[in-house]
$ cat input-v3.cif   # mmCIF, C-alpha atoms
data_my_file
loop_
_atom_site.label_atom_id
_atom_site.label_comp_id
_atom_site.auth_asym_id
_atom_site.auth_seq_id
_atom_site.Cartn_x
_atom_site.Cartn_y
_atom_site.Cartn_z
CA PRO A 1 51.39 -98.17 -37.15
CA THR A 2 47.70 -98.70 -36.99
CA THR A 3 45.35 -95.86 -38.07
CA VAL A 4 42.43 -97.12 -36.03
CA PRO A 5 41.94 -95.29 -32.72
CA THR A 6 41.89 -97.44 -29.63
CA ALA A 7 38.68 -95.78 -28.40
CA THR A 8 35.87 -93.92 -30.08
CA PRO A 9 35.19 -90.54 -28.37
CA SER A 10 31.59 -89.94 -27.32
CA THR A 11 29.75 -87.04 -28.93
CA GLU A 12 27.37 -86.80 -26.00
CA PRO A 13 28.30 -84.84 -22.87
CA THR A 14 28.45 -86.82 -19.65
CA ALA A 15 26.08 -84.34 -17.90
CA GLU A 16 23.41 -81.96 -19.09
CA PRO A 17 24.33 -78.30 -18.35
CA SER A 18 21.75 -76.50 -16.23
CA THR A 19 20.06 -73.50 -17.82
CA GLU A 20 18.55 -72.35 -14.53
CA PRO A 21 20.40 -70.02 -12.14
CA THR A 22 21.27 -71.45 -8.76
CA ALA A 23 19.56 -68.55 -6.97
CA GLU A 24 16.79 -66.16 -7.88
CA PRO A 25 17.93 -62.51 -8.12
CA THR A 26 16.33 -60.17 -5.64
CA ALA A 27 13.55 -58.22 -7.32
CA VAL A 28 13.44 -54.51 -6.52
CA PRO A 29 9.85 -53.29 -6.22
CA THR A 30 8.74 -50.50 -8.53
CA THR A 31 9.31 -47.09 -6.96
CA GLU A 32 6.66 -44.38 -6.81
CA PRO A 33 7.34 -41.00 -8.52
CA GLU A 34 7.75 -37.93 -6.33
CA PRO A 35 4.65 -35.71 -6.30
CA GLU A 36 4.95 -32.54 -8.35
CA LYS A 37 4.89 -29.11 -6.76
CA PRO A 38 1.49 -27.47 -7.32
CA GLU A 39 1.40 -24.44 -9.61
CA THR A 40 -1.21 -22.61 -7.52
CA THR A 41 -2.36 -23.02 -3.93
CA LYS A 42 -4.86 -21.55 -1.47
CA THR A 43 -2.97 -19.88 1.39
CA LEU A 44 -4.26 -20.41 4.93
CA ASP A 45 -2.80 -18.51 7.89
CA LEU A 46 -2.33 -20.86 10.84
CA LEU A 47 -2.07 -17.91 13.23
CA GLU A 48 -5.79 -17.23 12.67
CA GLY A 49 -6.87 -20.47 14.38
CA ASN A 50 -6.97 -24.25 14.16
CA ILE A 51 -7.25 -25.49 10.58
CA LEU A 52 -9.54 -28.34 9.52
CA ILE A 53 -9.19 -29.56 5.93
CA GLU A 54 -11.86 -31.89 4.59
CA GLU A 55 -12.44 -33.49 1.21
CA ASP A 56 -14.51 -30.57 -0.06
CA GLY A 57 -13.27 -27.55 1.86
CA TYR A 58 -11.63 -26.06 4.94
CA THR A 59 -12.43 -24.29 8.20
CA ILE A 60 -10.23 -21.89 10.16
CA GLY A 61 -10.96 -21.44 13.87
CA ASP A 62 -14.64 -20.73 14.54
CA GLY A 63 -15.27 -19.51 11.02
CA GLU A 64 -17.62 -21.03 8.49
CA LYS A 65 -16.54 -23.85 6.22
CA GLN A 66 -15.27 -22.68 2.84
CA SER A 67 -15.66 -24.86 -0.24
CA TYR A 68 -12.36 -25.71 -1.94
CA THR A 69 -10.74 -28.76 -3.55
CA GLY A 70 -7.31 -27.55 -4.70
CA ALA A 71 -3.86 -27.51 -3.15
CA TYR A 72 -3.08 -25.54 0.03
CA THR A 73 -0.23 -23.53 1.49
CA ILE A 74 -0.34 -23.26 5.28
CA SER A 75 1.72 -20.32 6.43
CA GLY A 76 3.06 -19.79 9.93
CA ASN A 77 5.28 -16.77 9.31
CA SER A 78 7.96 -18.45 11.50
CA THR A 79 5.84 -17.56 14.54
CA SER A 80 5.10 -20.12 17.25
CA THR A 81 1.46 -21.06 17.82
CA THR A 82 -0.61 -23.66 19.67
CA ASN A 83 -3.05 -23.92 16.75
CA SER A 84 -3.12 -27.33 15.07
CA ILE A 85 -3.89 -28.82 11.64
CA THR A 86 -6.34 -31.69 11.07
CA VAL A 87 -6.92 -33.34 7.70
CA SER A 88 -10.09 -35.44 7.63
CA GLY A 89 -10.64 -37.53 4.52
CA GLY A 90 -9.83 -36.85 0.88
CA THR A 91 -6.55 -36.57 -1.03
CA HIS A 92 -4.62 -33.31 -0.59
CA THR A 93 -1.39 -31.51 -1.42
CA ILE A 94 -0.35 -29.16 1.40
CA VAL A 95 2.72 -26.92 1.42
CA LEU A 96 4.02 -26.18 4.93
CA ASP A 97 5.65 -22.74 4.87
CA ASN A 98 7.68 -21.86 7.99
CA VAL A 99 5.21 -23.34 10.46
CA ILE A 100 5.97 -23.61 14.20
CA ILE A 101 3.46 -25.52 16.36
CA THR A 102 3.71 -26.52 20.02
CA THR A 103 0.75 -28.42 21.49
CA ALA A 104 0.01 -29.29 25.11
CA ALA A 105 -2.28 -32.27 24.49
CA GLY A 106 -2.88 -33.50 20.92
CA SER A 107 -0.70 -33.76 17.84
CA PRO A 108 0.22 -30.59 15.90
CA ILE A 109 -0.83 -32.31 12.63
CA THR A 110 -3.36 -35.15 12.54
CA LEU A 111 -4.56 -37.25 9.62
CA THR A 112 -7.88 -39.02 10.09
CA ASN A 113 -10.78 -40.62 8.20
CA LYS A 114 -8.51 -42.27 5.58
CA ALA A 115 -6.90 -38.98 4.54
CA LYS A 116 -4.07 -39.04 2.00
CA VAL A 117 -1.73 -36.05 2.28
CA ASN A 118 1.26 -35.00 0.18
CA LEU A 119 3.04 -32.67 2.60
CA GLN A 120 5.59 -30.46 0.84
CA LEU A 121 8.21 -28.65 2.90
CA SER A 122 9.10 -25.01 2.29
CA GLY A 123 11.34 -23.08 4.65
CA THR A 124 11.70 -24.51 8.15
CA THR A 125 8.85 -26.17 10.04
CA THR A 126 9.14 -27.12 13.72
CA LEU A 127 6.57 -29.30 15.49
CA ASN A 128 6.51 -30.07 19.22
CA SER A 129 4.08 -32.38 21.01
CA PRO A 130 3.71 -33.94 24.48
CA ALA A 131 5.26 -37.30 25.36
CA LYS A 132 3.76 -40.31 23.51
CA LYS A 133 2.08 -38.06 20.92
CA ALA A 134 3.36 -38.02 17.35
CA CYS A 135 3.89 -34.58 15.88
CA ILE A 136 2.33 -35.83 12.66
CA GLU A 137 -0.24 -38.51 13.46
CA VAL A 138 -0.62 -41.07 10.65
CA PRO A 139 -3.00 -43.79 11.87
CA LYS A 140 -4.15 -46.94 10.11
CA GLY A 141 -5.94 -46.17 6.83
CA CYS A 142 -4.19 -42.81 6.32
CA GLU A 143 -1.22 -42.01 4.08
CA LEU A 144 1.44 -39.28 4.35
CA SER A 145 4.15 -38.37 1.86
CA LEU A 146 6.91 -35.85 2.59
CA SER A 147 8.80 -33.96 -0.11
CA GLY A 148 10.20 -30.53 -0.95
CA THR A 149 13.34 -28.51 -0.35
CA GLY A 150 12.55 -27.37 3.18
CA LYS A 151 13.35 -28.69 6.64
CA LEU A 152 11.12 -30.42 9.17
CA PHE A 153 11.96 -30.76 12.85
CA ALA A 154 9.47 -32.99 14.66
CA ALA A 155 9.32 -34.86 17.95
CA ALA A 156 7.99 -37.92 16.08
CA ILE A 157 6.17 -38.90 12.88
CA GLY A 158 3.78 -41.85 12.81
CA ALA A 159 1.46 -43.44 15.35
CA SER A 160 1.05 -42.14 18.89
CA GLY A 161 1.88 -44.41 21.81
CA SER A 162 0.37 -45.10 25.20
CA ASP A 163 1.20 -46.68 28.55
CA LYS A 164 -1.82 -48.92 27.92
CA ASP A 165 -1.51 -51.50 25.16
CA ALA A 166 -5.15 -51.11 24.11
CA ASP A 167 -4.80 -47.34 23.67
CA ALA A 168 -1.70 -47.39 21.43
CA GLY A 169 -2.04 -46.49 17.78
CA THR A 170 -1.64 -48.55 14.61
CA LEU A 171 0.46 -47.02 11.85
CA GLY A 172 -0.73 -46.06 8.36
CA LYS A 173 1.67 -45.42 5.44
CA ILE A 174 4.55 -42.91 5.35
CA VAL A 175 6.58 -42.18 2.18
CA ILE A 176 9.59 -39.84 2.19
CA TYR A 177 10.86 -38.47 -1.13
CA SER A 178 13.02 -35.46 -0.28
CA GLY A 179 13.67 -32.67 2.19
CA THR A 180 15.59 -32.57 5.45
CA ILE A 181 13.76 -34.35 8.26
CA VAL A 182 14.85 -34.49 11.88
CA ALA A 183 12.59 -36.68 14.03
CA LYS A 184 13.12 -37.70 17.66
CA GLY A 185 10.50 -39.96 19.19
CA GLY A 186 8.79 -39.17 22.44
CA ARG A 187 8.83 -41.51 25.41
CA ASN A 188 9.68 -45.00 24.09
CA GLY A 189 8.56 -44.05 20.57
CA ALA A 190 10.38 -44.40 17.27
CA GLY A 191 11.56 -41.24 15.53
CA ILE A 192 9.52 -42.30 12.49
CA GLY A 193 7.04 -45.12 13.03
CA ASP A 194 5.31 -46.60 16.07
CA GLY A 195 4.84 -45.10 19.51
CA GLN A 196 5.12 -46.86 22.85
CA CYS A 197 3.23 -50.20 22.84
CA GLY A 198 2.52 -49.63 19.14
CA ARG A 199 0.79 -52.49 17.36
CA GLY A 200 2.71 -52.26 14.08
CA GLY A 201 0.88 -52.35 10.78
CA GLY A 202 1.45 -49.96 7.93
CA LYS A 203 4.54 -49.21 5.89
CA ILE A 204 7.42 -46.73 5.87
CA ILE A 205 9.16 -46.10 2.52
CA VAL A 206 12.19 -43.84 1.98
CA TYR A 207 13.15 -42.82 -1.58
CA GLY A 208 15.35 -39.84 -0.73
CA GLY A 209 16.04 -36.90 1.53
CA ASP A 210 18.37 -36.29 4.46
CA ILE A 211 16.84 -38.02 7.46
CA TYR A 212 17.92 -37.98 11.08
CA ALA A 213 15.72 -40.28 13.18
CA GLN A 214 16.20 -41.08 16.85
CA SER A 215 14.16 -42.93 19.44
CA GLY A 216 13.15 -41.12 22.61
CA GLY A 217 13.62 -44.27 24.68
CA ASN A 218 13.39 -47.95 23.80
CA GLY A 219 12.18 -47.62 20.21
CA ALA A 220 13.99 -47.76 16.86
CA GLY A 221 15.12 -44.72 14.91
CA ILE A 222 12.79 -45.80 12.08
CA GLY A 223 10.33 -48.62 12.77
CA ALA A 224 8.75 -49.89 15.96
CA GLY A 225 8.42 -48.26 19.36
CA GLY A 226 9.46 -49.64 22.71
CA SER A 227 7.47 -51.83 25.11
CA GLU A 228 5.75 -54.97 23.87
CA ALA A 229 2.30 -54.76 22.33
CA LYS A 230 0.16 -57.77 23.20
CA THR A 231 -3.05 -57.30 21.21
CA ASP A 232 -3.83 -57.03 17.47
CA VAL A 233 -0.16 -56.88 16.45
CA THR A 234 0.58 -56.87 12.69
CA THR A 235 3.78 -56.55 10.65
CA LEU A 236 5.29 -53.09 10.12
CA THR A 237 7.36 -52.87 6.91
CA VAL A 238 10.31 -50.50 6.34
CA GLU A 239 11.74 -50.16 2.82
CA ILE A 240 14.77 -48.02 1.96
CA TYR A 241 15.49 -47.14 -1.71
CA GLY A 242 17.59 -44.00 -1.36
CA GLY A 243 18.44 -40.98 0.74
CA ASN A 244 20.97 -40.31 3.47
CA ILE A 245 19.71 -41.77 6.73
CA SER A 246 21.18 -41.43 10.20
CA ALA A 247 19.16 -43.53 12.63
CA THR A 248 19.61 -44.34 16.31
CA GLY A 249 17.56 -46.74 18.42
CA SER A 250 17.87 -48.60 21.69
CA LYS A 251 18.01 -52.04 20.00
CA TYR A 252 18.06 -51.43 16.24
CA ALA A 253 18.52 -48.27 14.18
CA LEU A 254 15.92 -49.63 11.74
CA GLY A 255 13.31 -52.19 12.68
CA ASP A 256 12.09 -53.41 16.05
CA GLY A 257 12.21 -51.56 19.32
CA GLN A 258 12.88 -53.07 22.72
CA ASN A 259 10.76 -56.22 23.29
CA GLN A 260 9.15 -55.86 19.83
CA GLN A 261 9.24 -58.48 17.07
CA HIS A 262 6.89 -57.28 14.33
CA CYS A 263 9.02 -55.18 11.96
CA ASP A 264 10.47 -56.25 8.57
CA VAL A 265 13.24 -54.16 6.96
CA ALA A 266 14.45 -54.21 3.33
CA ILE A 267 17.27 -51.96 2.05
CA TYR A 268 17.60 -51.60 -1.74
CA GLY A 269 19.73 -48.44 -1.87
CA GLY A 270 20.66 -45.22 -0.13
CA ALA A 271 23.18 -44.68 2.66
CA VAL A 272 22.29 -45.71 6.21
CA TYR A 273 24.36 -44.70 9.23
CA SER A 274 23.73 -45.80 12.81
#
$ encode --input "input-v3.cif" --output "structure tokens"
Amino acid sequence: PTTVPTATPSTEPTAEPSTEPTAEPTAVPTTEPEPEKPETTKTLDLLEGNILIEEDGYTIGDGEKQSYTGAYTISGNSTSTTNSITVSGGTHTIVLDNVIITTAAGSPITLTNKAKVNLQLSGTTTLNSPAKKACIEVPKGCELSLSGTGKLFAAAIGASGSDKDADAGTLGKIVIYSGTIVAKGGRNGAGIGDGQCGRGGGKIIVYGGDIYAQSGGNGAGIGAGGSEAKTDVTTLTVEIYGGNISATGSKYALGDGQNQQHCDVAIYGGAVYS
């Protein structure tokens, strides 16, 4: 028999193997650390009058402004009041300790003038506001973070709505780290996010906590409100990294409300029930 093979095998592969993946893996954005609890705070009694916190001090009721730049505890002694809290400018850590506020016109807590507030929950806080008004107003340019071991019951958190498109608010930034938060939107507002005819904008980020968010009409549980906004509409972003979330909306649990199309949602972790 012959010892010569009938064909010489090729040492070169017929096709070059690809070293590139067929799809890019989804990149998870870097998360932000939860704010630490302050070691010492200045206690303000909400029952003494409306509280105004500014970058360099605070005022209670008709009293004189007091200079201060540290952390605050606002105490309500579990007693209902119509007094409200306004934070104008600056970066602040505020502990809410058993506060109960019911307002007839404005929001119980309002951020303004590009204020950045780390709101830490202690005990049980209950906030009630009229229809279309957020219980914690977070307009464009302002930032709110929520953390702590306490509970917050609020009619809505975010931007206030309006029957008139031009009068509706634009959302700032809301970050939730921990705590138990129950938020039910007012008329056609999201539980957490835009109000009626809201124009979007801003960002909502959830890292943790037990959250129950419900629309009061045609909005989402977390995201946009109901009724279409027609002017100056920008994208509202919702990002979920953790937490236990129960959300209910007329159209979507998370995202757009009725007749709205300006909300983007990304879920990286956590448990979401609707």
$ atom_distance --input "input-v3.cif" --atom1 "CA of Ile94 (chain A)" --atom2 "CA of Gly158 (chain A)"
17.6 Å
$ residues_around --input "input-v3.cif" --residues "Gly141 (chain A)" --least-positions-apart "4" --cutoff "12 Å" --atoms "only C-alpha atoms" --output "ChimeraX atom specification"
/A:88-90,111-117,137,159,169-174,201-203
$ write_last_selection --input "input-v3.cif" --atoms "C-alpha atoms" --output "mmCIF file, keeping the file's coordinate frame"
data_model
loop_
_atom_site.group_PDB
_atom_site.id
_atom_site.type_symbol
_atom_site.label_atom_id
_atom_site.label_comp_id
_atom_site.auth_asym_id
_atom_site.auth_seq_id
_atom_site.Cartn_x
_atom_site.Cartn_y
_atom_site.Cartn_z
ATOM 1 C CA SER A 88 -10.090 -35.440 7.630
ATOM 2 C CA GLY A 89 -10.640 -37.530 4.520
ATOM 3 C CA GLY A 90 -9.830 -36.850 0.880
ATOM 4 C CA LEU A 111 -4.560 -37.250 9.620
ATOM 5 C CA THR A 112 -7.880 -39.020 10.090
ATOM 6 C CA ASN A 113 -10.780 -40.620 8.200
ATOM 7 C CA LYS A 114 -8.510 -42.270 5.580
ATOM 8 C CA ALA A 115 -6.900 -38.980 4.540
ATOM 9 C CA LYS A 116 -4.070 -39.040 2.000
ATOM 10 C CA VAL A 117 -1.730 -36.050 2.280
ATOM 11 C CA GLU A 137 -0.240 -38.510 13.460
ATOM 12 C CA ALA A 159 1.460 -43.440 15.350
ATOM 13 C CA GLY A 169 -2.040 -46.490 17.780
ATOM 14 C CA THR A 170 -1.640 -48.550 14.610
ATOM 15 C CA LEU A 171 0.460 -47.020 11.850
ATOM 16 C CA GLY A 172 -0.730 -46.060 8.360
ATOM 17 C CA LYS A 173 1.670 -45.420 5.440
ATOM 18 C CA ILE A 174 4.550 -42.910 5.350
ATOM 19 C CA GLY A 201 0.880 -52.350 10.780
ATOM 20 C CA GLY A 202 1.450 -49.960 7.930
ATOM 21 C CA LYS A 203 4.540 -49.210 5.890
#
$ closest_residue --input "input-v3.cif" --among "A:Ser147, A:Ser129, A:Thr234, A:Asn98" --to "Ile74 (chain A)" --atoms "only C-alpha atoms"
A:Asn98
$ resolve_selection --input "input-v3.cif" --expression "the PyMOL selection byres ((chain A and resi 122) around 10)" --output "PyMOL selection string"
chain A and resi 73+75+95-99+119-121+123-125+147-152+179
$ closest_atom_pairs --input "input-v3.cif" --of "region 171-218 of chain A" --to "region 240-258 of chain A" --cutoff "9 Å" --atoms "only C-alpha atoms" --output "CSV"
residue,atom,partner,partner_atom,distance
A:Tyr177,CA,A:Gly243,CA,8.2
A:Ser178,CA,A:Gly243,CA,7.8
A:Asn188,CA,A:Gly257,CA,8.5
A:Gly189,CA,A:Gly257,CA,8.4
A:Ala190,CA,A:Gly249,CA,7.6
A:Gly191,CA,A:Ala247,CA,8.5
A:Ile204,CA,A:Ile240,CA,8.4
A:Ile205,CA,A:Ile240,CA,6.0
A:Val206,CA,A:Ile240,CA,4.9
A:Tyr207,CA,A:Gly242,CA,4.6
A:Gly208,CA,A:Gly243,CA,3.6
A:Gly209,CA,A:Gly243,CA,4.8
A:Asp210,CA,A:Asn244,CA,4.9
A:Ile211,CA,A:Ile245,CA,4.8
A:Tyr212,CA,A:Ser246,CA,4.8
A:Ala213,CA,A:Ala247,CA,4.8
A:Gln214,CA,A:Thr248,CA,4.7
A:Ser215,CA,A:Gly249,CA,5.2
A:Gly216,CA,A:Gly249,CA,8.3
A:Gly217,CA,A:Ser250,CA,6.8
A:Asn218,CA,A:Ser250,CA,5.0
$ write_last_selection --input "input-v3.cif" --atoms "C-alpha atoms" --output "PDB file, in the frame of the given file"
ATOM      1  CA  TYR A 177      10.860 -38.470  -1.130  1.00  0.00           C
ATOM      2  CA  SER A 178      13.020 -35.460  -0.280  1.00  0.00           C
ATOM      3  CA  ASN A 188       9.680 -45.000  24.090  1.00  0.00           C
ATOM      4  CA  GLY A 189       8.560 -44.050  20.570  1.00  0.00           C
ATOM      5  CA  ALA A 190      10.380 -44.400  17.270  1.00  0.00           C
ATOM      6  CA  GLY A 191      11.560 -41.240  15.530  1.00  0.00           C
ATOM      7  CA  ILE A 204       7.420 -46.730   5.870  1.00  0.00           C
ATOM      8  CA  ILE A 205       9.160 -46.100   2.520  1.00  0.00           C
ATOM      9  CA  VAL A 206      12.190 -43.840   1.980  1.00  0.00           C
ATOM     10  CA  TYR A 207      13.150 -42.820  -1.580  1.00  0.00           C
ATOM     11  CA  GLY A 208      15.350 -39.840  -0.730  1.00  0.00           C
ATOM     12  CA  GLY A 209      16.040 -36.900   1.530  1.00  0.00           C
ATOM     13  CA  ASP A 210      18.370 -36.290   4.460  1.00  0.00           C
ATOM     14  CA  ILE A 211      16.840 -38.020   7.460  1.00  0.00           C
ATOM     15  CA  TYR A 212      17.920 -37.980  11.080  1.00  0.00           C
ATOM     16  CA  ALA A 213      15.720 -40.280  13.180  1.00  0.00           C
ATOM     17  CA  GLN A 214      16.200 -41.080  16.850  1.00  0.00           C
ATOM     18  CA  SER A 215      14.160 -42.930  19.440  1.00  0.00           C
ATOM     19  CA  GLY A 216      13.150 -41.120  22.610  1.00  0.00           C
ATOM     20  CA  GLY A 217      13.620 -44.270  24.680  1.00  0.00           C
ATOM     21  CA  ASN A 218      13.390 -47.950  23.800  1.00  0.00           C
TER      22      ASN A 218
END
$ atom_distance --input "input-v3.cif" --atom1 "CA of Pro38 (chain A)" --atom2 "CA of Thr79 (chain A)"
24.4 Å
$ closest_residue --input "input-v3.cif" --among "A:Ser145, A:Asn50, A:Thr43, A:Thr69" --to "Thr103 (chain A)" --atoms "only C-alpha atoms"
A:Asn50
$ closest_residue --input "input-v3.cif" --among "A:Glu64, A:Asp45, A:Glu39, A:Glu55" --to "Asn83 (chain A)" --atoms "only C-alpha atoms"
A:Asp45
$ atom_distance --input "input-v3.cif" --atom1 "CA of Gly219 (chain A)" --atom2 "CA of Ile267 (chain A)"
19.4 Å
$ closest_residue --input "input-v3.cif" --among "A:Phe153, A:Ile176, A:Cys142, A:Val182" --to "Glu239 (chain A)" --atoms "all atoms listed in the file"
A:Ile176
$ resolve_selection --input "input-v3.cif" --expression "the PyMOL selection byres ((chain A and resi 41) around 6)" --output "PyMOL selection string"
chain A and resi 40+42+71-73
$ axis_aligned_box --input "input-v3.cif" --around "region 242-248 of chain A" --padding-each-side "8 Å" --output "AutoDock Vina command-line options"
--center_x 19.4 --center_y -42.3 --center_z 7.5 --size_x 19.6 --size_y 20.0 --size_z 33.7
$ closest_residue --input "input-v3.cif" --among "A:Thr82, A:Thr91, A:Asn77, A:Asn118" --to "Gly57 (chain A)" --atoms "all atoms listed in the file"
A:Thr91
$ residues_around --input "input-v3.cif" --residues "Gly49 (chain A)" --least-positions-apart "5" --cutoff "12 Å" --atoms "all atoms listed in the file" --output "list in words"
Leu44, Tyr58, Thr59, Ile60, Gly61, Asp62, Gly63, Ile74, Ser75, Gly76, Thr81, Thr82, Asn83, Ser84, Ile85, Thr86 and Ile101 of chain A
